[in-house]
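Asker: Please see the structure below; I have some questions.
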Amino acid sequence: MSGDIDPGSVTDPGSVTDPGRDADPGRDADPGSVTGPGSVADPGPVTAPDRDTDLTYADATDLAARIRRRELSAREVVRAHLDRIDRVNPHVNAIVTLDPEGAMAAAAAADERLVRGGPDGPLHGLPIAFKDTHLTRGMRTTYGSPLHAETVPDEDELLVQRIQAAGAIRIGKTNVPEFGAGSHTYNPVFGVTRNPYDLTRSAGGSSGGAAAALAAGMQPLADGSDMGGSLRNPASFCNVVGLRPTPGRVPSYPAWNLWDTLTVPGPMARTVADAALLLSVMAGPDPRCPVSLEAPGAPFREPLERDIAGLRVAWTPDLGGRVPVDRCVRGVLEPQLEVFRRLGCRVEEDCLDLDEAEDVFRVLRAHHFDLALGAALDASPEALKPSLAWNIEQGRRLTGPDLARATAGRARLHLRAVDFFARHDVLLAPVSQVAPFDAEAEYPDTVDGQPQHTYIDWMRSAYFVSVLGAPALSVPAGRTPGGLPVGLQIVGPPRADLAVLRVGAAYEAATGYGRRHPDILGKISM
């Protein structure tokens, strides 16, 4: 959930659209089986070649450099992505608001600035669709709710301002669950976002539209936010990269709670270097955000390549036995330990004490939902999905001692993390406990045979990490025998975002899993 909700501005919800169903939701072309220990996946594209994929699957760092050298124009790049959106988005439903005319006009202006020798930022000419929980001036921001189906903000929020100031070109908005609640992207305004690797499966959430748009070649970079896994789960499901930064690394403004450190904005991309590039313009202090870190973002633009030999790596397949994990997920991740060993790392199984993480997260999340959306529930109870109403009601039942217990428990978890990372440089764990599940289900009802009773039960492998205040990266780690993506979670000490990105880049370079893209159009034409 974004955390930047303004439920006070309720408008006529308008009509609810039905995105329909895909003609042929088949599997990837020849997904093969899980690779053996230490083996390198074939990085060649699954995508069938066509006229626009050379640009739409190019790395953001390369596109930006080519635009700066005037080997490409911003108009060419934006036009290629708009064409790609026109071809694949009807099947994926990742981008829910689109402004092609405004995007092409902005691209033309960007090209003119280069011709005149004007300033060009690190993202000059790159198209981006913003998450639909992030305020965009003059473009509707619906939060996936009928209550805001026609809401058009009169200001950009801070991260949108920074990304556009760095030269990115706004093309639209990406889909989210209702008010960003839950890790499956569907809502009554725009419907379900589908996984580009299997159109019958979930793309994750709440940044599911962002992740699916990346995986489908509709944008080179994406913004998102993460409370209980909303940057990491969709990245894992869609074979892209998502970073939950250290709280305060990317400041939030405006926000109903400026002191919030459970929800954090962050970057998504198809490569670790591209995620770092986006983070470099999102990060940095802002005096209006009291928890923002003073460190500037520019160092994230430096090359990430490092020799990680000697790195002390801890691995936990199930967070110390605290969460069930489906066998297909473990089957993909366990062989990845050999990759780290071959890179010279010292790998051992270990996990910090996370026994209080469940209570801490559930209490703080419920309190957040009550404060942010309690008034909306009172005014329009029929307009909120039942799981969201349940979470708000959980917050209303909290007492002062409940909040005190959670606050003290989070402090203890932080100190345990500090102690743990004095012995280990990074922790490896599953991002998600399941592979992408049926898009028609709200959430998976079992994990490894264990019942899941609420819409957040299955997200523990992500939200147990959220309460630590540590940076956590989801990086592609391979696919199940059925061709479904699985991500590896790399967690580092608080404020060690750059170190985590460097480890992720080394692993990515050794494997190449993220270079395999889905053949969406091939599946549709079958």
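Numbering starts fresh at 1 for the residues of each chain in the structure tokens, the chains themselves are lettered A, B, ... in the order given, and ligands are numbered from 1 as they appear.
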List every residue of range 274-457 of chain A that DSSP, applied to the backbone, labels as alpha helix (DSSP H), and write the result as JSON, numbers by chain.
Answerer: {"A": [274, 275, 276, 277, 278, 279, 280, 281, 282, 327, 328, 329, 330, 331, 332, 333, 336, 337, 338, 339, 340, 341, 342, 357, 358, 359, 360, 361, 362, 363, 364, 365, 366, 367, 368, 369, 370, 371, 372, 373, 374, 375, 376, 377, 378, 379, 386, 387, 388, 389, 390, 391, 392, 393, 394, 395, 396, 400, 401, 402, 403, 404, 405, 406, 407, 408, 409, 410, 411, 412, 413, 414, 415, 416, 417, 418, 419, 420, 421, 422, 423]}
Asker: Write out as number ranges by chain which residues come within 6 Å of Ser432 in chain A when counting only C-alpha atoms, dropping same-chain ones fewer than 2 positions away.
Answerer: A: 233, 430, 434, 461
Asker: Would you pick out the contacts of Gly409 in chain A at 7 Å or less, using only C-alpha atoms, so that residues sharing its chain but fewer than 3 positions from it are not included, and give the list as a PDB file with all heavy atoms, in the first residue's frame?
Answerer:
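File around30.pdb, as written:
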ATOM      1  N   GLU A 356       8.893 -11.966  16.542  1.00  0.00           N
ATOM      2  CA  GLU A 356       7.956 -10.864  16.784  1.00  0.00           C
ATOM      3  C   GLU A 356       7.479 -10.184  15.503  1.00  0.00           C
ATOM      4  O   GLU A 356       6.608  -9.307  15.556  1.00  0.00           O
ATOM      5  CB  GLU A 356       8.606  -9.819  17.688  1.00  0.00           C
ATOM      6  CG  GLU A 356       8.866 -10.306  19.111  1.00  0.00           C
ATOM      7  CD  GLU A 356       9.475  -9.230  19.984  1.00  0.00           C
ATOM      8  OE1 GLU A 356      10.704  -9.028  19.902  1.00  0.00           O
ATOM      9  OE2 GLU A 356       8.721  -8.596  20.738  1.00  0.00           O
ATOM     10  N   VAL A 360       4.245  -7.507  14.991  1.00  0.00           N
ATOM     11  CA  VAL A 360       4.628  -6.127  14.708  1.00  0.00           C
ATOM     12  C   VAL A 360       4.015  -5.656  13.398  1.00  0.00           C
ATOM     13  O   VAL A 360       3.388  -4.585  13.331  1.00  0.00           O
ATOM     14  CB  VAL A 360       6.162  -5.996  14.677  1.00  0.00           C
ATOM     15  CG1 VAL A 360       6.578  -4.648  14.091  1.00  0.00           C
ATOM     16  CG2 VAL A 360       6.746  -6.160  16.073  1.00  0.00           C
ATOM     17  N   ARG A 405       3.284  -2.440  22.328  1.00  0.00           N
ATOM     18  CA  ARG A 405       3.961  -3.734  22.151  1.00  0.00           C
ATOM     19  C   ARG A 405       4.611  -3.831  20.770  1.00  0.00           C
ATOM     20  O   ARG A 405       5.756  -4.274  20.628  1.00  0.00           O
ATOM     21  CB  ARG A 405       2.950  -4.859  22.334  1.00  0.00           C
ATOM     22  CG  ARG A 405       3.557  -6.259  22.257  1.00  0.00           C
ATOM     23  CD  ARG A 405       2.496  -7.339  22.326  1.00  0.00           C
ATOM     24  NE  ARG A 405       1.638  -7.378  21.153  1.00  0.00           N
ATOM     25  CZ  ARG A 405       0.354  -7.025  21.132  1.00  0.00           C
ATOM     26  NH1 ARG A 405      -0.247  -6.598  22.237  1.00  0.00           N
ATOM     27  NH2 ARG A 405      -0.346  -7.081  20.004  1.00  0.00           N
ATOM     28  N   ALA A 406       3.885  -3.395  19.740  1.00  0.00           N
ATOM     29  CA  ALA A 406       4.428  -3.464  18.383  1.00  0.00           C
ATOM     30  C   ALA A 406       5.616  -2.529  18.207  1.00  0.00           C
ATOM     31  O   ALA A 406       6.605  -2.881  17.557  1.00  0.00           O
ATOM     32  CB  ALA A 406       3.337  -3.128  17.366  1.00  0.00           C
ATOM     33  N   ARG A 412      13.238  -4.073  18.960  1.00  0.00           N
ATOM     34  CA  ARG A 412      14.041  -5.282  19.227  1.00  0.00           C
ATOM     35  C   ARG A 412      14.439  -5.965  17.913  1.00  0.00           C
ATOM     36  O   ARG A 412      15.568  -6.464  17.783  1.00  0.00           O
ATOM     37  CB  ARG A 412      13.262  -6.233  20.130  1.00  0.00           C
ATOM     38  CG  ARG A 412      13.176  -5.774  21.582  1.00  0.00           C
ATOM     39  CD  ARG A 412      12.586  -6.844  22.487  1.00  0.00           C
ATOM     40  NE  ARG A 412      11.168  -7.082  22.205  1.00  0.00           N
ATOM     41  CZ  ARG A 412      10.174  -6.430  22.809  1.00  0.00           C
ATOM     42  NH1 ARG A 412      10.437  -5.481  23.718  1.00  0.00           N
ATOM     43  NH2 ARG A 412       8.906  -6.706  22.531  1.00  0.00           N
ATOM     44  N   LEU A 413      13.534  -6.003  16.951  1.00  0.00           N
ATOM     45  CA  LEU A 413      13.863  -6.603  15.659  1.00  0.00           C
ATOM     46  C   LEU A 413      14.997  -5.843  14.975  1.00  0.00           C
ATOM     47  O   LEU A 413      15.889  -6.449  14.362  1.00  0.00           O
ATOM     48  CB  LEU A 413      12.628  -6.634  14.767  1.00  0.00           C
ATOM     49  CG  LEU A 413      11.583  -7.690  15.121  1.00  0.00           C
ATOM     50  CD1 LEU A 413      10.255  -7.365  14.449  1.00  0.00           C
ATOM     51  CD2 LEU A 413      12.063  -9.078  14.691  1.00  0.00           C
TER      52      LEU A 413
END
Asker: Of the candidates A:Leu373, A:Ala496, A:Ala505, A:Val189, which shows the shortest atom-to-atom distance to Arg249 in chain A, using only C-alpha atoms?
Answerer: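 Going through A:Leu373, A:Ala496, A:Ala505, A:Val189 one by one, the smallest distance to Arg249 in chain A is for A:Ala496.
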Asker: Can you measure CA of Ala106 in chain A to CA of Arg170 in chain A for me? One decimal in Å is fine.
Answerer: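 Computing it gives 8.2 Å between the two atoms.
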Asker: Enumerate, in order of chain and increasing residue number, the residues of range 80-124 of chain A with an atom no farther than 10 Å from range 63-68 of chain A, each with its shortest atom pair and distance in Å to one decimal, counting only C-alpha atoms, as JSON lines.
Answerer:
{"residue": "A:Ala110", "atom": "CA", "partner": "A:Ile67", "partner_atom": "CA", "distance": 9.9}
{"residue": "A:Asp111", "atom": "CA", "partner": "A:Ile67", "partner_atom": "CA", "distance": 8.7}
{"residue": "A:Leu114", "atom": "CA", "partner": "A:Arg68", "partner_atom": "CA", "distance": 7.6}
{"residue": "A:Asp120", "atom": "CA", "partner": "A:Arg68", "partner_atom": "CA", "distance": 7.6}
{"residue": "A:Gly121", "atom": "CA", "partner": "A:Ala64", "partner_atom": "CA", "distance": 9.2}
{"residue": "A:Pro122", "atom": "CA", "partner": "A:Ala64", "partner_atom": "CA", "distance": 7.0}
{"residue": "A:Leu123", "atom": "CA", "partner": "A:Ala64", "partner_atom": "CA", "distance": 6.1}
{"residue": "A:His124", "atom": "CA", "partner": "A:Ala64", "partner_atom": "CA", "distance": 6.2}
Asker: Please identify all polymer residues within 8 Å of range 272-285 of chain A, counting only C-alpha atoms, omitting same-chain residues fewer than 6 positions from it, and present them as a compact mmCIF listing (two decimals) with C-alpha atoms, in the first residue's frame.
Answerer:
# COMPACT_ATOMS: atom_id res chain seq x y z
CA ASP A 59 18.27 -1.42 -20.95
CA ALA A 60 17.30 2.00 -19.64
CA THR A 61 20.95 2.90 -19.10
CA PRO A 122 19.91 11.05 -16.25
CA LEU A 123 16.50 9.83 -17.51
CA LEU A 159 8.96 11.12 -6.46
CA ARG A 162 12.02 14.07 -9.21
CA ILE A 163 11.66 11.47 -11.94
CA ALA A 166 15.50 13.98 -14.37
CA LEU A 221 11.67 1.82 -15.72
CA VAL A 241 13.99 -6.30 -10.38
CA GLY A 242 12.40 -4.49 -7.43
CA LEU A 243 14.16 -2.77 -4.54
CA ARG A 249 16.14 6.70 1.26
CA VAL A 250 13.30 7.87 -0.99
CA PRO A 251 11.25 10.48 0.87
CA GLY A 266 11.30 2.52 -4.58
CA SER A 292 14.49 11.26 4.89
CA LEU A 293 18.16 10.31 4.82
CA GLU A 294 20.74 13.02 4.10
CA ALA A 295 22.74 10.96 1.59
CA PRO A 296 22.32 12.09 -2.04
CA GLY A 297 21.22 9.72 -4.77
CA ALA A 298 24.04 10.32 -7.28
CA PRO A 299 26.31 7.48 -6.02
CA PHE A 300 23.74 4.96 -7.22
CA ARG A 301 24.63 5.95 -10.80
CA PRO A 303 29.06 1.24 -11.88
CA LEU A 304 27.87 -1.61 -9.66
CA VAL A 475 16.21 -10.28 -8.51
CA LEU A 501 22.54 -3.61 -5.36
CA GLY A 504 22.39 -8.34 -6.91
CA ALA A 505 24.33 -7.11 -9.95
CA GLU A 508 22.51 -11.16 -12.20
Asker: Figure out the distance between CA of Tyr513 in chain A and CA of Tyr57 in chain A, please, to one decimal in Å.
Answerer: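 CA of Tyr513 in chain A lies at a distance of 14.2 Å from CA of Tyr57 in chain A.
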Asker: Which residues are close to Ser207 in chain A, i.e. within 8 Å by only C-alpha atoms, leaving aside same-chain residues fewer than 4 positions away? Reply as a ChimeraX atom specification.
Answerer: /A:131,174-176,180,185,211,224-225,230-231,234
Asker: Write out as a PyMOL selection string each polymer residue whose atoms come within 8 Å of Asp154 in chain A, counting only C-alpha atoms; drop sequence neighbours fewer than 6 positions from it.
Answerer: chain A and resi 136-138
Asker: Between A:Gln164, A:Ser474, A:Thr446, A:Thr511, which one has atoms that come closest to Pro267 in chain A, using only C-alpha atoms?
Answerer: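 The closest residue to Pro267 in chain A is A:Ser474.
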Asker: From a DSSP pass on the backbone, collect the residues of range 270-346 of chain A flagged as strand (DSSP E) and hand them back as a ChimeraX atom specification.
Answerer: /A:312-315,346
Asker: Please provide as an MDAnalysis selection string all residues within 12 Å of Pro317 in chain A, with the sequence filter that same-chain residues fewer than 2 positions apart are discarded (counting only C-alpha atoms).
Answerer: chainID A and resid 314:315 319:327 329:337 348:351 427:433 461 488:489
Asker: Would you output that residue set with N, CA and C atoms, as a CSV table (one decimal), in the first residue's frame?
Answerer:
chain,number,residue,atom,x,y,z
A,314,ALA,N,24.3,-15.5,4.3
A,314,ALA,CA,23.4,-16.3,5.0
A,314,ALA,C,22.3,-16.7,4.1
A,315,TRP,N,21.8,-17.9,4.2
A,315,TRP,CA,20.6,-18.4,3.4
A,315,TRP,C,19.6,-19.0,4.4
A,319,LEU,N,12.8,-18.6,6.4
A,319,LEU,CA,13.0,-17.6,7.5
A,319,LEU,C,13.0,-18.3,8.8
A,320,GLY,N,13.9,-19.3,8.9
A,320,GLY,CA,14.2,-20.0,10.1
A,320,GLY,C,13.0,-20.9,10.5
A,321,GLY,N,12.3,-21.5,9.6
A,321,GLY,CA,11.2,-22.4,9.8
A,321,GLY,C,9.9,-21.7,10.2
A,322,ARG,N,9.9,-20.4,10.0
A,322,ARG,CA,8.7,-19.6,10.4
A,322,ARG,C,7.6,-19.5,9.3
A,323,VAL,N,8.0,-19.8,8.0
A,323,VAL,CA,7.0,-19.7,7.0
A,323,VAL,C,7.0,-20.9,6.1
A,324,PRO,N,5.9,-21.4,5.6
A,324,PRO,CA,5.9,-22.4,4.6
A,324,PRO,C,6.3,-21.8,3.2
A,325,VAL,N,6.9,-22.7,2.4
A,325,VAL,CA,7.3,-22.2,1.1
A,325,VAL,C,7.0,-23.4,0.1
A,326,ASP,N,6.3,-23.1,-1.0
A,326,ASP,CA,6.0,-24.1,-1.9
A,326,ASP,C,7.3,-24.8,-2.5
A,327,ARG,N,7.2,-26.1,-2.7
A,327,ARG,CA,8.3,-26.8,-3.2
A,327,ARG,C,8.9,-26.4,-4.5
A,329,VAL,N,9.1,-23.3,-5.5
A,329,VAL,CA,9.9,-22.1,-5.3
A,329,VAL,C,11.2,-22.6,-4.7
A,330,ARG,N,11.2,-23.4,-3.7
A,330,ARG,CA,12.5,-23.9,-3.1
A,330,ARG,C,13.3,-24.6,-4.1
A,331,GLY,N,12.7,-25.3,-5.1
A,331,GLY,CA,13.4,-26.0,-6.1
A,331,GLY,C,14.1,-25.1,-7.0
A,332,VAL,N,13.6,-23.9,-7.2
A,332,VAL,CA,14.4,-22.9,-8.0
A,332,VAL,C,15.5,-22.3,-7.2
A,333,LEU,N,15.2,-21.9,-6.0
A,333,LEU,CA,16.1,-21.1,-5.2
A,333,LEU,C,17.3,-21.9,-4.6
A,334,GLU,N,17.1,-23.1,-4.2
A,334,GLU,CA,18.2,-23.8,-3.5
A,334,GLU,C,19.4,-24.0,-4.4
A,335,PRO,N,19.3,-24.3,-5.7
A,335,PRO,CA,20.5,-24.4,-6.5
A,335,PRO,C,21.2,-23.1,-6.7
A,336,GLN,N,20.6,-21.9,-6.4
A,336,GLN,CA,21.3,-20.6,-6.6
A,336,GLN,C,22.4,-20.4,-5.6
A,337,LEU,N,22.4,-21.2,-4.5
A,337,LEU,CA,23.5,-21.0,-3.5
A,337,LEU,C,24.8,-21.4,-4.2
A,348,GLU,N,26.3,-20.0,4.3
A,348,GLU,CA,25.8,-20.9,5.4
A,348,GLU,C,24.4,-20.6,5.6
A,349,GLU,N,23.7,-21.6,6.2
A,349,GLU,CA,22.3,-21.4,6.5
A,349,GLU,C,22.1,-20.8,7.9
A,350,ASP,N,21.4,-19.7,7.9
A,350,ASP,CA,21.2,-18.9,9.2
A,350,ASP,C,20.1,-18.0,9.0
A,351,CYS,N,19.5,-17.6,10.1
A,351,CYS,CA,18.4,-16.5,10.1
A,351,CYS,C,18.3,-15.9,11.4
A,427,LEU,N,21.6,-11.5,3.6
A,427,LEU,CA,20.7,-12.6,3.9
A,427,LEU,C,20.0,-12.9,2.6
A,428,LEU,N,20.0,-14.2,2.1
A,428,LEU,CA,19.2,-14.6,1.0
A,428,LEU,C,18.0,-15.4,1.5
A,429,ALA,N,16.8,-15.1,0.8
A,429,ALA,CA,15.6,-15.8,1.2
A,429,ALA,C,14.6,-15.7,0.0
A,430,PRO,N,13.6,-16.5,0.1
A,430,PRO,CA,12.5,-16.4,-1.0
A,430,PRO,C,11.9,-15.0,-0.9
A,431,VAL,N,11.6,-14.4,-2.0
A,431,VAL,CA,10.8,-13.2,-2.1
A,431,VAL,C,9.4,-13.6,-1.7
A,432,SER,N,8.8,-14.5,-2.4
A,432,SER,CA,7.5,-15.0,-2.3
A,432,SER,C,7.4,-16.5,-1.9
A,433,GLN,N,6.5,-16.9,-1.1
A,433,GLN,CA,6.4,-18.3,-0.7
A,433,GLN,C,5.7,-19.1,-1.8
A,461,SER,N,7.0,-14.0,3.9
A,461,SER,CA,8.5,-14.0,3.5
A,461,SER,C,8.9,-12.6,3.1
A,488,LEU,N,14.7,-14.1,-6.1
A,488,LEU,CA,15.6,-14.3,-4.9
A,488,LEU,C,15.6,-13.0,-4.2
A,489,GLN,N,15.4,-13.0,-2.9
A,489,GLN,CA,15.4,-11.8,-2.0
A,489,GLN,C,16.8,-11.7,-1.4
Asker: Go ahead and compute the interatomic distance for CA of Val78 in chain A and CA of Leu521 in chain A, in Å to one decimal.
Answerer: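 About the pair CA of Val78 in chain A and CA of Leu521 in chain A: they are 20.1 Å apart.
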Asker: So, with only C-alpha atoms as the atoms that count, which of A:Ala383, A:Ala269, A:Ile524, A:Ala165 lies closest to Gly125 in chain A?
Answerer: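 Using only C-alpha atoms, the shortest distance to Gly125 in chain A belongs to A:Ala165.
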